[in-house]
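Trainee: One structure coming up, written as structure tokens, with questions to follow.
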Amino acid sequence: MRIFLLLSFLLSFSTAYAQYCFPEKRKEKKLVKKIEKKIEKRAFYVAWDALRNTNDYAVFLSLKSEVLWLKSEFFNAETEALKAIDICPENFPKAYYFLGEIAFNRKDYLNADLYLKKSIELGIADPYYSDAVNLYSKAKVIAEIINNPVSFNPKIVEGISTQFDEYLPIISPDQEMAFFTRRSDKKSLQSITVTTIEEFIMSQKIDKQFKVGSPMTYPFNLESNEGGASITIDNKILYYTKCIRNEEGYNNCDIYYVFNHNGVWSAVQSFSDNISQPTTWESQPTVSSDGKTIIFASDRNGGYGKMDLYEINLIDEKWTAPKNLGSNINSNEHEKSPYLHTDGKTLFFASTNFPSLGGFDVFYSRKDSSGLWQKPINIGYPINTVADEISLFVSTDGNRAYFASNQLQGVGGWDIYSFALHDAAKPKRVLFLKGELMDENGMVLKDVELEIKNINTNEITTIKVESGTYVSSLTLAKNDDVLITVKKEGFAFNSTYVSAEDTAFASPAALNIELESLEEGKSFTIENIYFRHNSYQINSVARQVLMEFAAYLKLNKDLVIEINGFTDNIGAANDNLLLSENRAKAVYGLITSSGVSASGLSYNGYGEQFPKADNATEKGRANNRRTEFKIIRQ
């Protein structure tokens, strides 16, 4: 009996529910058909007149939404569609489609995703089916980005950001200089009126913080629009954008460059007309770490879209003609604000192409093993929003991203911010080194090179030292260790081992090297040849260093040396003496097995004598467990 009553209730509820969705009277059913035909014939005004005096059946509300949507009266169409699905949520796929399309165009992608999915589930038919499926595929992707937010906690960059506008920022690869554009109001002494001006600014980092910066002097700031810069890793060539209004009134933006000679900028240098064209927009250059590639934005003819990214390469001291980066990067939309990270393999840029959340979004792309740019990835929400996000760049260590925005609570209008970049978007690891290389008297050495050996791949990168200074940028895998050596005839062997876990070299680091001249009777420590307590086993790090030391001895063929081993003071003195001799013997054996003649080598052990550090600490004892080479004859 109870089952019968429940069934009766459900049937009566279903019938009542259905009555609110569709009319029962024959006349009203015919009216529905008539209105549908008028809509098919695009007789919207006739259809609307027929709908004026209809009652509140959901089908009439849905038809009203369709007519209003077709007439581009989207607010009213949304109102009627919401009424229809509120009454009958499972009957009107068109209403869901209109709501989804309106939400998508409003950049309300989460609701667009839900509405469009529902329209397809309810069997949306032509002429809306294809559009619904296409739009849903886009809404689903963007909704997935929004529903999976990335970490984003922007902090204002102190010093640079002021009450004025700061934008188009870039920081030098060594992280010591910042370049950006500042827009401010100024009043001259001769005038009482306030003028808004743009100035190209440089700021130096002092005590780990950038200063407010000052306008760059001649040859800069001669035009009304200058900035969008990029600088080589040695800070010797600055590429930037300058806009000059021609006689016809066209504000032509092109890329230029200047040389930095000991802090003094050269005259402005122009690119050839096939790179900086007189009637097209070329801007926002970004230079590779080797200085041989520049990527920039241009609206020149022959591209994929309204604005594309192009590449030029330095070959035989000449820049090649621009090459479009291709359809993986460029689209039929806008692409601009490129930033090529110091790793040379990660490109950040702004695009209005799908899946942009609205306006310009920041994307990143990586080069594959063939050197081709892969499909760009949206950097994520809430870094990207429905507003425009442009001009993002990433620190050399890959940990922080920087950008300018007027959407956050800063100290001015446009300010410069930074945030910790989420792992998925981080570039590859970069070992960035700069420093001086002199002899022990502080004199510049000629014809000196550093060799940086990747221990995992055995690849060797040679860095030239010019006027006593050097700078190097090397892209590494996460677990790569490197060995830095200097082998110059007449000077002591010098090496530095950099482990992947060594945080001292995680960010751009200064490594000053002093080469000691060889003298008979003088002893030199071979760095990184350490032994465990009570052991003479040569570990993998020491083995790599000794292999390079063997190469050094082959270069200095006339050297006769004595290899000396030392221990800490743990244990009996006689035992330590024997241990030190075994350590020296192990080093001797490895070097001779590498092809160095034994006639120029001997070895001795001195036990715990002649400590170089305090044996009271573990660090001191480890330093005392060392290997030295002594010059017997040269």
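Each chain in the structure tokens gets a letter, A, B, ..., in the order shown, and its residues are numbered from 1; ligands are numbered from 1 in order too.
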Which residues are near Leu579 in chain A? Cut-off 9 Å, only C-alpha atoms, ignore same chain within fewer than 5 positions. Put them as a list in words.
Mentor: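 Counting only C-alpha atoms, the residues come to Asn534, Ser535, Tyr536, Gly565, Phe566, Thr567, Asn574, Ala584, Gly605 and Gly607 of chain A.
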Trainee: Which neighbours of range 422-425 of chain A fall inside 10 Å, counting only C-alpha atoms, when residues of the same chain fewer than 4 positions from it are skipped, and could you give them as a PyMOL selection string?
Mentor: chain A and resi 150-152+346+348+363-366+377-380+394+398-401
Trainee: Write the selection just made, keeping N, CA and C atoms, as a PDB file, in the first residue's frame?
Mentor:
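Writing the result to selection15.pdb gives the following:
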```pdb
ATOM      1  N   VAL A 150      48.270  27.214  -9.375  1.00  0.00           N
ATOM      2  CA  VAL A 150      49.684  27.044  -9.025  1.00  0.00           C
ATOM      3  C   VAL A 150      50.014  28.012  -7.884  1.00  0.00           C
ATOM      4  N   SER A 151      51.120  27.772  -7.224  1.00  0.00           N
ATOM      5  CA  SER A 151      51.514  28.653  -6.125  1.00  0.00           C
ATOM      6  C   SER A 151      51.869  30.029  -6.684  1.00  0.00           C
ATOM      7  N   PHE A 152      51.408  31.052  -5.982  1.00  0.00           N
ATOM      8  CA  PHE A 152      51.623  32.426  -6.453  1.00  0.00           C
ATOM      9  C   PHE A 152      51.449  33.375  -5.280  1.00  0.00           C
ATOM     10  N   THR A 346      64.582  27.421 -22.361  1.00  0.00           N
ATOM     11  CA  THR A 346      63.246  27.744 -21.879  1.00  0.00           C
ATOM     12  C   THR A 346      62.888  29.155 -22.317  1.00  0.00           C
ATOM     13  N   PHE A 348      59.925  32.087 -22.281  1.00  0.00           N
ATOM     14  CA  PHE A 348      58.683  32.637 -21.738  1.00  0.00           C
ATOM     15  C   PHE A 348      58.209  33.747 -22.670  1.00  0.00           C
ATOM     16  N   PHE A 363      53.024  32.267 -21.287  1.00  0.00           N
ATOM     17  CA  PHE A 363      53.243  30.866 -21.641  1.00  0.00           C
ATOM     18  C   PHE A 363      54.742  30.568 -21.565  1.00  0.00           C
ATOM     19  N   TYR A 364      55.068  29.293 -21.517  1.00  0.00           N
ATOM     20  CA  TYR A 364      56.476  28.914 -21.624  1.00  0.00           C
ATOM     21  C   TYR A 364      56.598  27.697 -22.534  1.00  0.00           C
ATOM     22  N   SER A 365      57.748  27.617 -23.202  1.00  0.00           N
ATOM     23  CA  SER A 365      58.026  26.507 -24.109  1.00  0.00           C
ATOM     24  C   SER A 365      59.461  26.056 -23.870  1.00  0.00           C
ATOM     25  N   ARG A 366      59.710  24.782 -24.101  1.00  0.00           N
ATOM     26  CA  ARG A 366      61.064  24.240 -23.936  1.00  0.00           C
ATOM     27  C   ARG A 366      61.542  23.648 -25.269  1.00  0.00           C
ATOM     28  N   ILE A 377      53.009  26.043 -22.926  1.00  0.00           N
ATOM     29  CA  ILE A 377      52.161  25.692 -21.794  1.00  0.00           C
ATOM     30  C   ILE A 377      51.787  26.969 -21.052  1.00  0.00           C
ATOM     31  N   ASN A 378      50.510  27.126 -20.751  1.00  0.00           N
ATOM     32  CA  ASN A 378      50.064  28.254 -19.940  1.00  0.00           C
ATOM     33  C   ASN A 378      50.715  28.144 -18.568  1.00  0.00           C
ATOM     34  N   ILE A 379      51.348  29.216 -18.093  1.00  0.00           N
ATOM     35  CA  ILE A 379      52.115  29.144 -16.848  1.00  0.00           C
ATOM     36  C   ILE A 379      51.222  28.925 -15.629  1.00  0.00           C
ATOM     37  N   GLY A 380      49.915  29.145 -15.801  1.00  0.00           N
ATOM     38  CA  GLY A 380      49.011  28.761 -14.734  1.00  0.00           C
ATOM     39  C   GLY A 380      48.266  29.909 -14.080  1.00  0.00           C
ATOM     40  N   VAL A 394      62.578  35.361 -15.581  1.00  0.00           N
ATOM     41  CA  VAL A 394      62.905  34.450 -14.483  1.00  0.00           C
ATOM     42  C   VAL A 394      64.380  34.604 -14.116  1.00  0.00           C
ATOM     43  N   GLY A 398      66.493  30.218 -11.634  1.00  0.00           N
ATOM     44  CA  GLY A 398      65.205  29.613 -11.948  1.00  0.00           C
ATOM     45  C   GLY A 398      64.209  29.614 -10.819  1.00  0.00           C
ATOM     46  N   ASN A 399      64.536  30.216  -9.708  1.00  0.00           N
ATOM     47  CA  ASN A 399      63.658  30.121  -8.536  1.00  0.00           C
ATOM     48  C   ASN A 399      62.597  31.205  -8.458  1.00  0.00           C
ATOM     49  N   ARG A 400      62.876  32.380  -9.010  1.00  0.00           N
ATOM     50  CA  ARG A 400      61.929  33.485  -8.886  1.00  0.00           C
ATOM     51  C   ARG A 400      61.600  34.064 -10.260  1.00  0.00           C
ATOM     52  N   ALA A 401      60.329  34.452 -10.393  1.00  0.00           N
ATOM     53  CA  ALA A 401      59.874  35.136 -11.603  1.00  0.00           C
ATOM     54  C   ALA A 401      59.559  36.583 -11.248  1.00  0.00           C
TER      55      ALA A 401
END
```
Trainee: Return as a ChimeraX atom specification the full set of residues in range 9-258 of chain A whose backbone-based DSSP assignment is alpha helix (DSSP H).
Mentor: /A:9-21,26-40,44-51,58-70,74-87,93-105,109-121,129-147
Trainee: If you take only C-alpha atoms and a cut-off of 12 Å, which residues of range 396-461 of chain A touch range 275-292 of chain A, and what are their nearest atom pairs and distances in Å to one decimal, in chain and number order, as a Markdown table?
Mentor:
```
| residue | atom | partner | partner_atom | distance |
| --- | --- | --- | --- | --- |
| A:Thr396 | CA | A:Ser289 | CA | 10.4 |
| A:Val430 | CA | A:Ser289 | CA | 10.5 |
| A:Leu431 | CA | A:Ser289 | CA | 11.6 |
| A:Phe432 | CA | A:Ser289 | CA | 10.1 |
```
Trainee: Those residues with N, CA and C atoms, as an mmCIF file, in the first residue's frame please?
Mentor:
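part15.cif written:
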```
data_model
loop_
_atom_site.group_PDB
_atom_site.id
_atom_site.type_symbol
_atom_site.label_atom_id
_atom_site.label_comp_id
_atom_site.auth_asym_id
_atom_site.auth_seq_id
_atom_site.Cartn_x
_atom_site.Cartn_y
_atom_site.Cartn_z
ATOM 1 N N THR A 396 68.210 33.831 -12.915
ATOM 2 C CA THR A 396 69.147 32.869 -13.491
ATOM 3 C C THR A 396 69.083 31.526 -12.785
ATOM 4 N N VAL A 430 71.219 26.174 -14.009
ATOM 5 C CA VAL A 430 72.291 26.932 -14.640
ATOM 6 C C VAL A 430 73.406 27.162 -13.627
ATOM 7 N N LEU A 431 74.634 26.854 -14.026
ATOM 8 C CA LEU A 431 75.811 27.213 -13.232
ATOM 9 C C LEU A 431 76.362 28.502 -13.822
ATOM 10 N N PHE A 432 76.183 29.591 -13.084
ATOM 11 C CA PHE A 432 76.620 30.902 -13.563
ATOM 12 C C PHE A 432 77.788 31.357 -12.698
#
```
Trainee: Residues near Phe210 in chain A, anyone? I mean within 12 Å using only C-alpha atoms, not counting same-chain ones fewer than 4 positions away, as JSON, numbers by chain.
Mentor: {"A": [156, 157, 158, 159, 160, 161, 171, 175, 176, 177, 178, 179, 202, 203, 204, 205, 206, 214, 416]}
Trainee: Keeping only C-alpha atoms, write those residues as a compact mmCIF listing (two decimals), in the first residue's frame.
Mentor:
```txt
# COMPACT_ATOMS: atom_id res chain seq x y z
CA ILE A 156 56.85 43.92 -4.44
CA VAL A 157 60.49 44.45 -5.44
CA GLU A 158 61.70 46.98 -2.92
CA GLY A 159 63.74 49.96 -4.06
CA ILE A 160 62.76 49.81 -7.73
CA SER A 161 59.02 50.22 -7.15
CA ILE A 171 67.54 41.93 -14.49
CA GLN A 175 71.43 39.55 -10.97
CA GLU A 176 73.37 42.76 -10.21
CA MET A 177 71.64 45.31 -12.49
CA ALA A 178 67.99 46.03 -13.26
CA PHE A 179 66.70 47.89 -16.32
CA MET A 202 69.10 51.45 -14.53
CA SER A 203 69.35 50.29 -10.92
CA GLN A 204 72.28 48.63 -9.15
CA LYS A 205 71.94 45.99 -6.45
CA ILE A 206 73.72 47.06 -3.27
CA SER A 214 68.28 56.75 -12.12
CA ILE A 416 57.47 45.39 -10.22
```
Trainee: If we count only C-alpha atoms, what is near Val268 in chain A at a cut-off of 9 Å, once residues fewer than 5 positions away on the same chain are taken out, given as a list in words?
Mentor: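 Neighbouring residues, sequence-local ones excluded: Pro219, Phe220, Tyr256, Tyr257, Val258 and Phe259 of chain A.
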Trainee: Based on the selection just made, write C-alpha atoms of those residues as a compact mmCIF listing (two decimals), in the first residue's frame.
Mentor:
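As written to disk, selection.txt reads:
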```
# COMPACT_ATOMS: atom_id res chain seq x y z
CA PRO A 219 73.01 57.94 -25.51
CA PHE A 220 69.74 56.92 -23.84
CA TYR A 256 69.13 48.80 -31.14
CA TYR A 257 72.26 47.96 -29.18
CA VAL A 258 75.12 49.64 -27.35
CA PHE A 259 78.47 48.47 -26.00
```
Trainee: I'd like to know which of A:Gly413, A:Pro355, A:Lys336, A:Lys83 is closest to Leu135 in chain A, using only C-alpha atoms.
Mentor: A:Pro355
Trainee: Find, counting only C-alpha atoms, the residue in A:Ser517, A:Thr320, A:Asn235, A:Asn105 that gets nearest to Glu440 in chain A.
Mentor: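 Selected residue with least distance to Glu440 in chain A: A:Ser517.
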Trainee: Report as a PyMOL selection string: the residues of range 405-519 of chain A with a DSSP assignment of strand (DSSP E or B), based on the backbone of this structure.
Mentor: chain A and resi 405+415-420+429-439+444+449-454+460-464+466+469-476+482-486+491+494-498+509-510+513-515+517
Trainee: Put those residues in a file: C-alpha atoms, as a JSON list (two decimals), in the first residue's frame.
Mentor:
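Saved result, result.json, follows:
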```
[["chain", "number", "residue", "atom", "x", "y", "z"],
["A", 405, "SER", "CA", 51.45, 44.82, -12.77],
["A", 415, "ASP", "CA", 54.98, 48.22, -9.87],
["A", 416, "ILE", "CA", 57.47, 45.39, -10.22],
["A", 417, "TYR", "CA", 56.84, 42.16, -8.32],
["A", 418, "SER", "CA", 58.53, 38.81, -7.86],
["A", 419, "PHE", "CA", 57.31, 35.42, -6.71],
["A", 420, "ALA", "CA", 58.64, 31.91, -6.17],
["A", 429, "ARG", "CA", 69.67, 24.34, -13.73],
["A", 430, "VAL", "CA", 72.29, 26.93, -14.64],
["A", 431, "LEU", "CA", 75.81, 27.21, -13.23],
["A", 432, "PHE", "CA", 76.62, 30.90, -13.56],
["A", 433, "LEU", "CA", 80.15, 31.91, -12.60],
["A", 434, "LYS", "CA", 82.06, 35.14, -12.87],
["A", 435, "GLY", "CA", 85.27, 36.35, -11.32],
["A", 436, "GLU", "CA", 88.87, 37.33, -11.67],
["A", 437, "LEU", "CA", 91.84, 35.16, -12.58],
["A", 438, "MET", "CA", 95.21, 36.60, -11.59],
["A", 439, "ASP", "CA", 98.59, 35.44, -10.40],
["A", 444, "VAL", "CA", 96.72, 39.72, -15.34],
["A", 449, "GLU", "CA", 91.40, 29.40, -20.09],
["A", 450, "LEU", "CA", 89.09, 27.72, -17.63],
["A", 451, "GLU", "CA", 87.89, 24.22, -18.35],
["A", 452, "ILE", "CA", 84.54, 23.22, -16.90],
["A", 453, "LYS", "CA", 83.99, 19.49, -17.10],
["A", 454, "ASN", "CA", 80.56, 17.92, -16.61],
["A", 460, "ILE", "CA", 84.12, 20.09, -21.48],
["A", 461, "THR", "CA", 83.34, 23.79, -21.83],
["A", 462, "THR", "CA", 86.29, 26.14, -22.34],
["A", 463, "ILE", "CA", 86.00, 29.72, -21.06],
["A", 464, "LYS", "CA", 88.41, 32.43, -22.19],
["A", 466, "GLU", "CA", 89.98, 38.37, -20.94],
["A", 469, "THR", "CA", 88.09, 38.47, -15.80],
["A", 470, "TYR", "CA", 85.72, 35.80, -17.02],
["A", 471, "VAL", "CA", 82.02, 34.99, -17.02],
["A", 472, "SER", "CA", 80.43, 31.64, -17.74],
["A", 473, "SER", "CA", 76.95, 30.19, -17.98],
["A", 474, "LEU", "CA", 76.50, 26.43, -18.23],
["A", 475, "THR", "CA", 73.22, 24.55, -18.44],
["A", 476, "LEU", "CA", 73.21, 21.38, -16.36],
["A", 482, "VAL", "CA", 81.30, 19.81, -12.51],
["A", 483, "LEU", "CA", 85.04, 20.20, -12.12],
["A", 484, "ILE", "CA", 86.59, 23.59, -12.87],
["A", 485, "THR", "CA", 90.31, 23.51, -13.65],
["A", 486, "VAL", "CA", 93.01, 25.89, -14.79],
["A", 491, "PHE", "CA", 101.79, 27.80, -12.66],
["A", 494, "ASN", "CA", 94.12, 24.79, -9.72],
["A", 495, "SER", "CA", 90.77, 23.02, -9.38],
["A", 496, "THR", "CA", 87.33, 23.58, -7.89],
["A", 497, "TYR", "CA", 84.76, 20.81, -7.63],
["A", 498, "VAL", "CA", 81.12, 21.91, -7.66],
["A", 509, "ALA", "CA", 78.38, 33.05, -7.87],
["A", 510, "ALA", "CA", 81.74, 34.78, -7.83],
["A", 513, "ILE", "CA", 91.03, 32.25, -8.93],
["A", 514, "GLU", "CA", 94.62, 32.91, -7.97],
["A", 515, "LEU", "CA", 97.29, 30.97, -9.81],
["A", 517, "SER", "CA", 103.77, 30.41, -9.91]]
```
Trainee: Can you list, as a list in words, every protein, DNA or RNA residue that comes within 7 Å of Ser523 in chain A when you count only C-alpha atoms, leaving out same-chain residues fewer than 5 positions away?
Mentor: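 Residues meeting the cut-off are Glu628, Phe629, Lys630 and Ile631 of chain A.
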Trainee: Could the residues in this selection be written to a file with N, CA and C atoms, as an mmCIF file, in the first residue's frame?
Mentor:
```cif
data_model
loop_
_atom_site.group_PDB
_atom_site.id
_atom_site.type_symbol
_atom_site.label_atom_id
_atom_site.label_comp_id
_atom_site.auth_asym_id
_atom_site.auth_seq_id
_atom_site.Cartn_x
_atom_site.Cartn_y
_atom_site.Cartn_z
ATOM 1 N N GLU A 628 99.318 16.978 -1.093
ATOM 2 C CA GLU A 628 100.035 18.119 -1.661
ATOM 3 C C GLU A 628 101.053 17.627 -2.691
ATOM 4 N N PHE A 629 101.418 18.511 -3.606
ATOM 5 C CA PHE A 629 102.543 18.187 -4.476
ATOM 6 C C PHE A 629 103.631 19.240 -4.285
ATOM 7 N N LYS A 630 104.843 18.778 -4.205
ATOM 8 C CA LYS A 630 106.000 19.641 -3.953
ATOM 9 C C LYS A 630 106.888 19.653 -5.197
ATOM 10 N N ILE A 631 107.309 20.866 -5.596
ATOM 11 C CA ILE A 631 108.149 21.011 -6.782
ATOM 12 C C ILE A 631 109.592 20.647 -6.421
#
```
Trainee: With distances taken over only C-alpha atoms, which of A:Val596, A:Lys140, A:Leu31, A:Phe610 is nearest to Arg52 in chain A?
Mentor: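 Result for the nearest residue to Arg52 in chain A: A:Leu31.
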Trainee: Do you know which residues are at most 12 Å from Gln407 in chain A counting only C-alpha atoms, after dropping those on the same chain fewer than 5 positions away, and could you put them as an MDAnalysis selection string?
Mentor: chainID A and resid 154 383:389 412:417
Trainee: Applying 9 Å and only C-alpha atoms, which residues near Ile35 in chain A remain after dropping the ones on its own chain fewer than 5 positions away? List them as a compact mmCIF listing (two decimals) with C-alpha atoms, in the first residue's frame.
Mentor:
```txt
# COMPACT_ATOMS: atom_id res chain seq x y z
CA LYS A 30 1.12 24.63 -32.39
CA GLU A 40 14.83 28.80 -38.23
CA VAL A 46 7.98 37.94 -35.81
CA ALA A 47 9.01 35.19 -33.40
CA TRP A 48 9.40 37.71 -30.58
CA ALA A 50 4.49 35.66 -30.99
CA LEU A 51 6.26 35.16 -27.65
CA LEU A 63 12.57 30.18 -27.00
```
Trainee: Rounded to one decimal in Å, what is the spacing between CA of Thr457 in chain A and CA of Glu548 in chain A?
Mentor: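 Interatomic distance, CA of Thr457 in chain A to CA of Glu548 in chain A: 15.3 Å.
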Trainee: Which value, in Å to one decimal, gives the distance between CA of Leu347 in chain A and CA of Leu110 in chain A?
Mentor: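 Going from CA of Leu347 in chain A over to CA of Leu110 in chain A, I get 28.8 Å.
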Trainee: Which residue, A:Phe360, A:Tyr129, A:Phe549, A:Tyr240, has the smallest gap to Pro169 in chain A when you use only C-alpha atoms?
Mentor: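 Closest residue, counting only C-alpha atoms: A:Tyr240.
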